[in-house]
Each structure stands twice: as C-alpha cells, then as structure tokens.
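*Asks:* First the structure, which I've put down as structure tokens, then a few questions once you've had a look.
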Amino acid sequence: MTVRRLLRPAALALLVLPVLALALAAPASARIRLKIDDYEVTHLPAVRLWVSVLDGDAPLDPKSLDGFDVRVDGEPLGDRVQAKPYNSMERPMAAVLVVDARYSQAWTQSLEAMSDVFGKLPGDSRVLAVAAAQEPVPLPAEAWASKPAELLPTLRGKVDPAGGGRPTMAEALRVALSRFPLAADADPDEADDIPIAKDDPEDPLPADRVLFLVGDGQLGRLGQTSLRRTLQTLVTSARRRGVRIMAIGTGENPRQHATLRVLARKTGGTFRRARDGMELAERAQQSLKELEHRYRLEFDVPGLRRGDDLDVSVQAYWAGGMQSEPSRPFTLRAEHELTFTERVIDWISDQWEKAPWWVRAIVIAVIALILGLIVLLILIKKARKAKKARTRRKKVRQAKLAQRKPCPACQQTTMPGWKQCLFCGADLTGTGIVAPAQQGPQARYRLTGRAGDHQGRALRFMEDMVTLGRGARCQVPLTGRDVSPEHCAVRDRGDEFVLIDLNSQTGTFVNNERVQRVRLREGDIIRVGGHEFVFGVEG
C-alpha cells in the first residue's frame with residue numbers, strides 16, 4: 001500500500017513533467033502574430049507593405065528584429081527584407097468611431113477611452129463619430145470634421161443614451177461606411193448594397209482609413225436580411241473602401257463578440273476584448289499603439305504589372321533564430337488596367353529601373369545633347385531673324401538717303417518728306433519756288449535743332465547775345481540734369497559769332513570738342529547735354 005502510494009505521485013510526475021517541459025520549450029512566437037494592414041504600389045515593380053507585429057493583443061516593438069521573409073503567391077522572394085519602423089501618425093488618417101449608445105455607463109466609458117485616441121491623431125486627419133442609438137446619430141451630420149480632439153466632447157453633449165433598446169450597430173456601420181469613397185484599387189462596377197460617397201479631387205480623403213468599433217457584439221441586422229448577410233455586406237463595403245475595422249468587445253458575454261471578430265479579421269483590423277472600463281482604456285491605447293508602431297516593408301516583385309493580383313504573406317525573424325508564424329495571405333492589386341499611353345509610359349519606367357547605370361548615363365547624355373541642339377537651333381533662328389530685320393531697316397534707310405536733294409535756297413542737303421528746310425526755312429513743297437518762312441526783321445543767325453527738345457525746328461535770332469540753359473530767363477530753354485541753369489551763350493560781335501561756355505558742369509561741345517570760347521562758322525554742330533544744334537548764318 002505504501003509502495004503504491006509512492007508510485008502514484010511518481011507516475012503523475014512522469015506524465016506532467018514532459019508536458020511542462022514542452023510548454024517551457026515552446027517558442028515565444030506561439031503568441032506572436034503578424035498582420036498586413038495596408039499596401040501601396042509606387043513604381044513598378046516596387047511594393048510597399050505596412051505590417052503590425054502583435055504579441056497577443058499588445059503591439060510588439062522588439063529591438064532585435066532581424067527582418068522579414070516575404071512570400072508572393074506562396075513562393076519566397078529570396079532575400080530577407082529589413083525591418084523599417086514606421087510611425088503611421090506622420091501621415092493624415094480618416095478615422096471613424098462607431099460606439100454603442102444604448103447603455104449610459106458603457107457609452108460614457110467608451111467615449112472616455114477613445115477621446116485620448118482621437119486627440120493624438122495627426123492635425124490633417126478627417127474624423128467622424130456615429131452613435132448607435134435608436135436612430136444612428138452621425139457627427140458631423142454631413143461631410144467630415146477636421147478637428148479630431150473636439151469631436152468626441154461634442155458628441156457626448158448631443159447624444160443621450162436610450163437605456164436599452166434594440167441593437168442598431170449594423171445601421172450605424174452603414175451610415176459610417178457610406179461616408180467613404182471607393183479605394184483606389186476597387187472595381188467601380190461591382191455592386192454595393194451601401195451608398196458610396198464621391199471623393200473630392202481637390203481635397204481627397206486620406207488613404208489610411210480606420211474604423212473603431214466599440215460595443216458588446218450585438219449588431220442587429222440591415223433591414224430584413226440575416227445576420228450572415230449583414231456581416232457579408234459590411235465586410236464587402238469596408239474592403240471596397242479600404243477601411244480596416246479595429247473592434248473592441250465590451251460586456252461579460254464573449255460569445256456575442258464573434259461578429260466583431262469577423263469584422264476585424266476580414267477587413268485587416270484587430271479584435272480586442274475589454275471586461276470593464278479600465279480594460280477598455282487599456283485596449284484603446286493598444287489600438288492606438290498598433291497604429292503608431294508599424295513596420296514598412298519595401299521590396300520588388302519581378303514581373304509585376306498593373307492590374308495584377310498578388311497574395312502576399314510575411315514572417316518575422318529575430319536574432320537567435322526565433323521566428324513568428326506566417327501572416328494570413330493578403331491580396332493586393334497593382335491598381336487598375338492602364339490606357340495604351342499609360343502602358344507605354346509604364347514600360348519605359350520599368351526599362352529605366354532595370355537598366356544599368358552606364359545605360360542611364362548614356363540616355364541622359366543623349367537627352368541633354370538633343371535639348372542643347374534644340375536650344376542652339378532656337379538661338380540661331382532668332383539671330384537670323386534679328387539680322388534680317390536689321391538688313392531690312394538698313395535698306396529702308398539707304399533708300400531714304402538716296403532720295404536726298406539740296407535745298408534750292410541754301411544748298412544744304414534735305415531729307416525726303418521735309419516741307420520746310422531746317423537750315424534756311426525755305427518752302428520745299430513747290431517745284432523750284434523758294435519761299436522763305438522768315439517774316440519781319442531780318443535775322444542774323446539761326447540754331448537748327450538736330451536732337452533734343454528743339455529737334456526739327458529752326459530758331460532765328462537778331463539779338464546781340466542768346467543764352468541756352470535750364471533757367472527761366474534763357475532764350476533757348478533746355479531740359480535735363482546735364483544742362484546747367486545758364487549753360488552757354490551765342491554772342492553776335494558784328495563781324496563774327498562767338499560761343500561762350502558759362503562755367504557749365506558738363507561742358508559745351510562744338511563739333512565733338514569741348515570748348516570755353518570759340519568762333520562759330522556755318523554748319524558747326526553745338527552740343528549741350530543731350531541737345532544738338534546746327535549753327536547757320538542768315539543772308
């Protein structure tokens with residue numbers, strides 16, 4: 001009897017110890033799971049994935065992560081993809097909160113837990129909240145709100161919990177999903193039982209879209225459909241809009257959370273359970289941390305073309321050989337089929353990315369040479385056009401100079417089109433008839449304007465002295481900063497005419513020589529600043 005009593009615990013120990021050993025030896029990765037949240041096809045064949053690593057419900061941020069293995073359609077890519085931590089809060093999001101408003105305590109706890117989450121969203125995010133009351137109450141009533149931190153306090157003041165009633169969570173989800181436009185990779189021709197919003201091309205909704213769902217799992221139904229059909233409609237609608245559902249199940253009955261698990265799992269989100277208000281706040285923070293701490297994986301898929309569908313899964317590795325279970329296959333599409341022009345551009349882009357560096361250098365050099373030749377041809381064409389214009393103007397000028405003829409009165413050369421000689425004032429409109437324009441007493445000398453204020457005018461004088469300058473008392477008023485108030489004077493000495501510079505600042509010039517005092521002769525050119533005169537003696 002004593003031996004039997006001793007053998008019984010020993011036999012029990014022999015059975016229990018291997019089980020404990022296996023449990024202790026089981027890898028830590030048994031609780032670790034990977035989830036692909038979103039993807040982006042940038043430049044073919046490059047693909048970018050956002051991956052969450054979860055330890056149970058808590059996001060995992062290990063420091064010794066060695067990288068990821070990526071499988072495309074079940075085949076490994078080969079090289080391990082390095083992990084790049086990425087903060088999702090660096091880009092704006094479209095975030096929605098759908099919360100059960102049938103019970104006062106659960107309603108208050110849910111808003112308090114999610115207020116901190118919405119307060120930490122990026123400033124450029126768009127937000128929406130829908131209360132699942134007897135009739136769904138969306139806030140704002142139309143469009144989206146742009147101030148995440150102010151949304152939930154406003155909702156708390158507008159909704160009064162009904163104190164029970166029928167479940168309306170499915171109707172609230174319908175209202176929330178109807179605010180989203182289609183995702184970029186969705187088929188617009190596919191039927192959808194929930195209305196689809198139109199995206200504003202000038203202010204599109206952010207591509208990172210999350211719907212937070214807080215409730216006890218009692219969804220209700222959409223119209224007269226079954227619960228299965230309701231779930232199918234909601235999942236399909238969320239997928240077509242690129243919305244992943246982050247669900248938090250409240251209440252004491254975990255069986256009711258099956259609907260929330262389906263919505264989260266089939267839309268790429270995560271389900272978490274909260275037994276009380278304290279756990280609800282903790283689960284909300286875990287959801288926020290999952291959004292903040294994700295990994296961005298970038299790799300190339302050989303042969304990827306636009307319109308292709310791929311099933312992608314990833315597996316994480318840590319230093320020491322520990323590895324996680326592979327993630328569920330994630331189906332992505334490299335956008336829609338392109339037009340002929342877009343396909344040509346896409347093919348050129350693919351060839352450019354595949355080409356070695358020296359081929360790219362040659363192409364760039366050839367393009368630069370072609371652009372240089374085009375610019376050179378444009379400059380040559382402009383130079384030739386300018387030369388032709390100068391030649392044309394020169395011919396017109398020469399033709400006019402060829403038509404010059406002497407004045408019948410003073411024999412000075414006149415230009416065609418003159419009606420009066422600028423030297424002697426004779427009439428040039430008749431046929432050989434000289435009609436001097438001077439009337440009254442005979443003038444002694446004249447100043448014919450060649451440039452400046454008096455260009456084309458013949459000024460005749462009989463005074464003993466005539467002054468030129470800016471002053472009001474000058475007989476020949478001139479303008480310009482280079483003209484002194486009393487710049488120079490012409491003096492009639494009876495038997496000769498003398499030009500005298502009156503100490504001007506810029507000087508007086510006769511036949512392009514600066515003078516102080518000089519005797520004037522017929523045809524001398526006098527320059528005062530920017531004004532020129534031809535001196536002449538009257539008959």
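To be explicit about the labels: the chains of the structure tokens are called A, B, and onward in the order shown, and within each one the residues are counted from 1, while ligands get numbers from 1 in the order they are shown.
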Enumerate, as a ChimeraX atom specification, the complete set of residues in segment 352-494 of chain A that a backbone-based DSSP assignment places in helix (DSSP H, G or I).

*Replies:* /A:352-354,357-402

*Asks:* Write the residues of the selection above to a file with N, CA and C atoms, as a short mmCIF file (atom, residue, chain, number, x, y, z; two decimals), in the first residue's frame.

*Replies:*
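The result, written out as result_18.cif:
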data_model
loop_
_atom_site.label_atom_id
_atom_site.label_comp_id
_atom_site.auth_asym_id
_atom_site.auth_seq_id
_atom_site.Cartn_x
_atom_site.Cartn_y
_atom_site.Cartn_z
N TRP A 352 13.70 51.62 -67.54
CA TRP A 352 14.65 52.55 -66.92
C TRP A 352 15.16 52.02 -65.58
N GLU A 353 14.25 51.45 -64.79
CA GLU A 353 14.66 50.94 -63.48
C GLU A 353 15.54 49.70 -63.61
N LYS A 354 15.34 48.93 -64.67
CA LYS A 354 16.14 47.71 -64.85
C LYS A 354 17.49 47.98 -65.50
N TRP A 357 23.68 51.39 -64.67
CA TRP A 357 23.96 52.82 -64.51
C TRP A 357 24.55 53.45 -65.77
N TRP A 358 25.40 52.69 -66.49
CA TRP A 358 26.05 53.30 -67.65
C TRP A 358 25.05 53.53 -68.78
N VAL A 359 24.02 52.66 -68.88
CA VAL A 359 22.98 52.90 -69.89
C VAL A 359 22.20 54.16 -69.54
N ARG A 360 21.89 54.34 -68.24
CA ARG A 360 21.18 55.56 -67.82
C ARG A 360 22.02 56.80 -68.12
N ALA A 361 23.35 56.69 -67.88
CA ALA A 361 24.22 57.84 -68.15
C ALA A 361 24.22 58.20 -69.63
N ILE A 362 24.27 57.17 -70.51
CA ILE A 362 24.24 57.43 -71.95
C ILE A 362 22.92 58.07 -72.36
N VAL A 363 21.80 57.56 -71.83
CA VAL A 363 20.49 58.13 -72.18
C VAL A 363 20.41 59.58 -71.73
N ILE A 364 20.87 59.85 -70.51
CA ILE A 364 20.82 61.23 -70.01
C ILE A 364 21.69 62.14 -70.87
N ALA A 365 22.89 61.64 -71.28
CA ALA A 365 23.77 62.45 -72.13
C ALA A 365 23.13 62.73 -73.48
N VAL A 366 22.47 61.70 -74.07
CA VAL A 366 21.82 61.90 -75.37
C VAL A 366 20.67 62.90 -75.26
N ILE A 367 19.87 62.78 -74.19
CA ILE A 367 18.75 63.72 -73.99
C ILE A 367 19.29 65.13 -73.81
N ALA A 368 20.37 65.26 -73.02
CA ALA A 368 20.96 66.59 -72.82
C ALA A 368 21.48 67.16 -74.13
N LEU A 369 22.10 66.29 -74.97
CA LEU A 369 22.60 66.75 -76.27
C LEU A 369 21.47 67.21 -77.17
N ILE A 370 20.37 66.44 -77.20
CA ILE A 370 19.22 66.81 -78.03
C ILE A 370 18.63 68.14 -77.56
N LEU A 371 18.48 68.30 -76.23
CA LEU A 371 17.95 69.57 -75.71
C LEU A 371 18.88 70.72 -76.05
N GLY A 372 20.22 70.47 -75.95
CA GLY A 372 21.16 71.52 -76.30
C GLY A 372 21.05 71.92 -77.76
N LEU A 373 20.89 70.93 -78.65
CA LEU A 373 20.74 71.23 -80.08
C LEU A 373 19.46 72.03 -80.34
N ILE A 374 18.39 71.66 -79.65
CA ILE A 374 17.13 72.39 -79.83
C ILE A 374 17.30 73.85 -79.40
N VAL A 375 17.94 74.06 -78.24
CA VAL A 375 18.16 75.44 -77.78
C VAL A 375 19.05 76.19 -78.77
N LEU A 376 20.11 75.51 -79.28
CA LEU A 376 21.00 76.16 -80.24
C LEU A 376 20.25 76.55 -81.52
N LEU A 377 19.39 75.65 -82.02
CA LEU A 377 18.61 75.96 -83.22
C LEU A 377 17.68 77.15 -82.98
N ILE A 378 17.09 77.21 -81.80
CA ILE A 378 16.20 78.34 -81.48
C ILE A 378 16.99 79.64 -81.47
N LEU A 379 18.19 79.62 -80.86
CA LEU A 379 19.01 80.84 -80.80
C LEU A 379 19.46 81.25 -82.21
N ILE A 380 19.86 80.27 -83.05
CA ILE A 380 20.27 80.59 -84.42
C ILE A 380 19.11 81.21 -85.20
N LYS A 381 17.92 80.63 -85.01
CA LYS A 381 16.75 81.16 -85.71
C LYS A 381 16.45 82.59 -85.29
N LYS A 382 16.57 82.87 -83.99
CA LYS A 382 16.33 84.23 -83.51
C LYS A 382 17.40 85.19 -84.04
N ALA A 383 18.67 84.73 -84.08
CA ALA A 383 19.74 85.59 -84.59
C ALA A 383 19.53 85.92 -86.07
N ARG A 384 19.12 84.91 -86.86
CA ARG A 384 18.86 85.16 -88.28
C ARG A 384 17.69 86.12 -88.46
N LYS A 385 16.67 85.97 -87.65
CA LYS A 385 15.51 86.86 -87.75
C LYS A 385 15.91 88.29 -87.41
N ALA A 386 16.74 88.45 -86.35
CA ALA A 386 17.20 89.80 -85.98
C ALA A 386 18.08 90.39 -87.09
N LYS A 387 18.93 89.57 -87.72
CA LYS A 387 19.80 90.05 -88.81
C LYS A 387 18.96 90.50 -90.01
N LYS A 388 17.92 89.73 -90.36
CA LYS A 388 17.04 90.12 -91.46
C LYS A 388 16.35 91.44 -91.16
N ALA A 389 15.93 91.62 -89.88
CA ALA A 389 15.27 92.88 -89.52
C ALA A 389 16.24 94.05 -89.65
N ARG A 390 17.50 93.86 -89.20
CA ARG A 390 18.47 94.93 -89.33
C ARG A 390 18.75 95.24 -90.80
N THR A 391 18.88 94.20 -91.63
CA THR A 391 19.11 94.42 -93.07
C THR A 391 17.95 95.16 -93.70
N ARG A 392 16.73 94.80 -93.30
CA ARG A 392 15.56 95.47 -93.86
C ARG A 392 15.53 96.95 -93.46
N ARG A 393 15.84 97.24 -92.20
CA ARG A 393 15.87 98.64 -91.75
C ARG A 393 16.98 99.42 -92.46
N LYS A 394 18.12 98.75 -92.69
CA LYS A 394 19.23 99.41 -93.37
C LYS A 394 18.85 99.76 -94.81
N LYS A 395 18.16 98.84 -95.50
CA LYS A 395 17.75 99.11 -96.87
C LYS A 395 16.76 100.27 -96.92
N VAL A 396 15.82 100.32 -95.98
CA VAL A 396 14.86 101.42 -95.95
C VAL A 396 15.58 102.74 -95.73
N ARG A 397 16.58 102.74 -94.84
CA ARG A 397 17.34 103.97 -94.55
C ARG A 397 18.15 104.41 -95.77
N GLN A 398 18.78 103.43 -96.42
CA GLN A 398 19.55 103.77 -97.61
C GLN A 398 18.67 104.30 -98.73
N ALA A 399 17.46 103.72 -98.83
CA ALA A 399 16.53 104.22 -99.85
C ALA A 399 16.14 105.67 -99.58
N LYS A 400 15.96 106.01 -98.31
CA LYS A 400 15.61 107.39 -97.97
C LYS A 400 16.80 108.32 -98.23
N LEU A 401 18.01 107.83 -97.87
CA LEU A 401 19.20 108.67 -98.10
C LEU A 401 19.42 108.90 -99.59
N ALA A 402 19.08 107.92 -100.42
CA ALA A 402 19.25 108.08 -101.86
C ALA A 402 18.32 109.14 -102.45
#

*Asks:* Give me the segment 187-280 of chain A side of the contact with segment 32-56 of chain A, cut-off 8 Å, one line per residue showing its nearest atom pair and distance in Å at one decimal, counting only C-alpha atoms, sorted by chain and residue number, as JSON lines.

*Replies:*
{"residue": "A:Asp208", "atom": "CA", "partner": "A:Asp38", "partner_atom": "CA", "distance": 7.9}
{"residue": "A:Arg244", "atom": "CA", "partner": "A:Asp37", "partner_atom": "CA", "distance": 7.7}
{"residue": "A:Gly268", "atom": "CA", "partner": "A:Asp37", "partner_atom": "CA", "distance": 5.7}
{"residue": "A:Gly269", "atom": "CA", "partner": "A:Asp37", "partner_atom": "CA", "distance": 7.1}

*Asks:* Could the residues in this selection be saved with N, CA, C and O atoms as a PDB file, in the first residue's frame?

*Replies:*
ATOM      1  N   ASP A 208      -5.236  56.221 -45.651  1.00  0.00           N
ATOM      2  CA  ASP A 208      -5.133  55.423 -44.432  1.00  0.00           C
ATOM      3  C   ASP A 208      -6.444  55.580 -43.661  1.00  0.00           C
ATOM      4  O   ASP A 208      -6.692  56.609 -43.032  1.00  0.00           O
ATOM      5  N   ARG A 244     -10.184  49.427 -42.554  1.00  0.00           N
ATOM      6  CA  ARG A 244      -9.973  48.295 -41.651  1.00  0.00           C
ATOM      7  C   ARG A 244     -10.616  48.627 -40.306  1.00  0.00           C
ATOM      8  O   ARG A 244     -10.554  49.759 -39.833  1.00  0.00           O
ATOM      9  N   GLY A 268      -8.801  43.290 -42.156  1.00  0.00           N
ATOM     10  CA  GLY A 268      -7.413  43.619 -41.872  1.00  0.00           C
ATOM     11  C   GLY A 268      -7.203  44.331 -40.561  1.00  0.00           C
ATOM     12  O   GLY A 268      -6.105  44.842 -40.303  1.00  0.00           O
ATOM     13  N   GLY A 269      -8.220  44.371 -39.698  1.00  0.00           N
ATOM     14  CA  GLY A 269      -8.093  45.019 -38.401  1.00  0.00           C
ATOM     15  C   GLY A 269      -7.765  44.040 -37.300  1.00  0.00           C
ATOM     16  O   GLY A 269      -7.306  42.922 -37.538  1.00  0.00           O
TER      17      GLY A 269
END

*Asks:* Within 12 Å of Lys198 of chain A, counting only C-alpha atoms, which residues show up once you throw out same-chain ones fewer than 2 positions away? Write them as a ChimeraX atom specification, please.

*Replies:* /A:143,178-183,188,195-196,200-205,241

*Asks:* Find the residues around Gln256 of chain A up to 8 Å (only C-alpha atoms counted), leave out those fewer than 5 positions away in its own chain, and share them as a ChimeraX atom specification.

*Replies:* /A:216-218

*Asks:* Go ahead and save the residues from that selection, with C-alpha atoms, as a compact mmCIF listing (two decimals), in the first residue's frame.

*Replies:*
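Output file out_28.txt follows:
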# COMPACT_ATOMS: atom_id res chain seq x y z
CA ASP A 216 -20.95 44.26 -26.95
CA GLY A 217 -21.22 42.44 -30.29
CA GLN A 218 -24.97 42.79 -30.78

*Asks:* Run DSSP on the backbone of this structure and report the residues of segment 180-233 of chain A it assigns to strand (DSSP E), as a JSON list (two decimals) with N, CA and C atoms, in the first residue's frame.

*Replies:*
[["chain", "number", "residue", "atom", "x", "y", "z"],
["A", 209, "ARG", "N", -7.30, 54.54, -43.69],
["A", 209, "ARG", "CA", -8.67, 54.65, -43.18],
["A", 209, "ARG", "C", -8.90, 53.60, -42.12],
["A", 210, "VAL", "N", -9.37, 54.04, -40.93],
["A", 210, "VAL", "CA", -9.58, 53.16, -39.79],
["A", 210, "VAL", "C", -10.96, 53.43, -39.21],
["A", 211, "LEU", "N", -11.66, 52.35, -38.84],
["A", 211, "LEU", "CA", -12.95, 52.47, -38.18],
["A", 211, "LEU", "C", -12.84, 51.78, -36.82],
["A", 212, "PHE", "N", -12.99, 52.55, -35.75],
["A", 212, "PHE", "CA", -13.00, 52.00, -34.40],
["A", 212, "PHE", "C", -14.44, 51.62, -34.03],
["A", 213, "LEU", "N", -14.62, 50.35, -33.63],
["A", 213, "LEU", "CA", -15.94, 49.84, -33.29],
["A", 213, "LEU", "C", -15.93, 49.38, -31.85],
["A", 214, "VAL", "N", -16.75, 50.00, -31.01],
["A", 214, "VAL", "CA", -16.81, 49.66, -29.59],
["A", 214, "VAL", "C", -18.25, 49.25, -29.27],
["A", 215, "GLY", "N", -18.43, 47.98, -28.83],
["A", 215, "GLY", "CA", -19.77, 47.50, -28.50],
["A", 215, "GLY", "C", -19.71, 46.10, -27.93]]

*Asks:* Mind checking which residues fall within 8 Å of Arg446 of chain A, counting only C-alpha atoms, ignoring those fewer than 3 positions away in the same chain, and posting them as a list in words?

*Replies:*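 Near Arg446 of chain A, the qualifying residues are Phe423, Ala443, Ala458, Leu459, Arg460, Phe461, Phe535, Gly536, Val537 and Glu538 of chain A.
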
*Asks:* Taking only C-alpha atoms into account, name the residue in A:Leu447, A:Ala197, A:Ala170, A:Leu121 that is nearest to Glu135 of chain A.

*Replies:* A:Ala170

*Asks:* Do you know which residues are at most 9 Å from Glu463 of chain A counting only C-alpha atoms, after dropping those on the same chain fewer than 5 positions away, and could you put them as a list in words?

*Replies:*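 The residues that qualify are Ala443, Arg444, Arg491 and Asp492 of chain A.
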
*Asks:* Taking 4 positions as the minimum chain separation for residues in the same chain, which residues sit within 7 Å of Phe330 of chain A when counting only C-alpha atoms? Answer as a list in words.

*Replies:*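 The residues that qualify are Ile36, Asp311, Val312 and Ser313 of chain A.
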
*Asks:* Just give me the gap between atom CA of Ala133 of chain A and atom CA of Arg265 of chain A in Å, one decimal is fine.

*Replies:*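 Straight-line distance from atom CA of Ala133 of chain A to atom CA of Arg265 of chain A works out to 25.3 Å.
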
*Asks:* Rounded to one decimal place, report the atom CA of Leu310 of chain A-atom CA of Val72 of chain A distance in Å.

*Replies:*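 A separation of 6.5 Å between them.
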
*Asks:* Quick one: of A:Lys120, A:His257, A:Arg174, A:Lys158, who's nearest to Leu291 of chain A, counting only C-alpha atoms?

*Replies:*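 Distance minimum relative to Leu291 of chain A lands on A:Lys120.
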
*Asks:* Would you please work out which residue, of A:Gly449, A:Pro416, A:Pro206, A:Pro485, is nearest to Ile526 of chain A when using only C-alpha atoms?

*Replies:*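 Smallest distance to Ile526 of chain A is found for A:Gly449.
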
*Asks:* For Thr225 of chain A, which of A:Gly469, A:Leu60, A:Asp193, A:Pro406 is the closest residue, counting only C-alpha atoms?

*Replies:*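 Smallest separation from Thr225 of chain A among the options: A:Asp193.
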
*Asks:* One decimal, in Å: what's the spacing between atom CA of Pro59 of chain A and atom CA of Tyr295 of chain A?

*Replies:* 11.3 Å
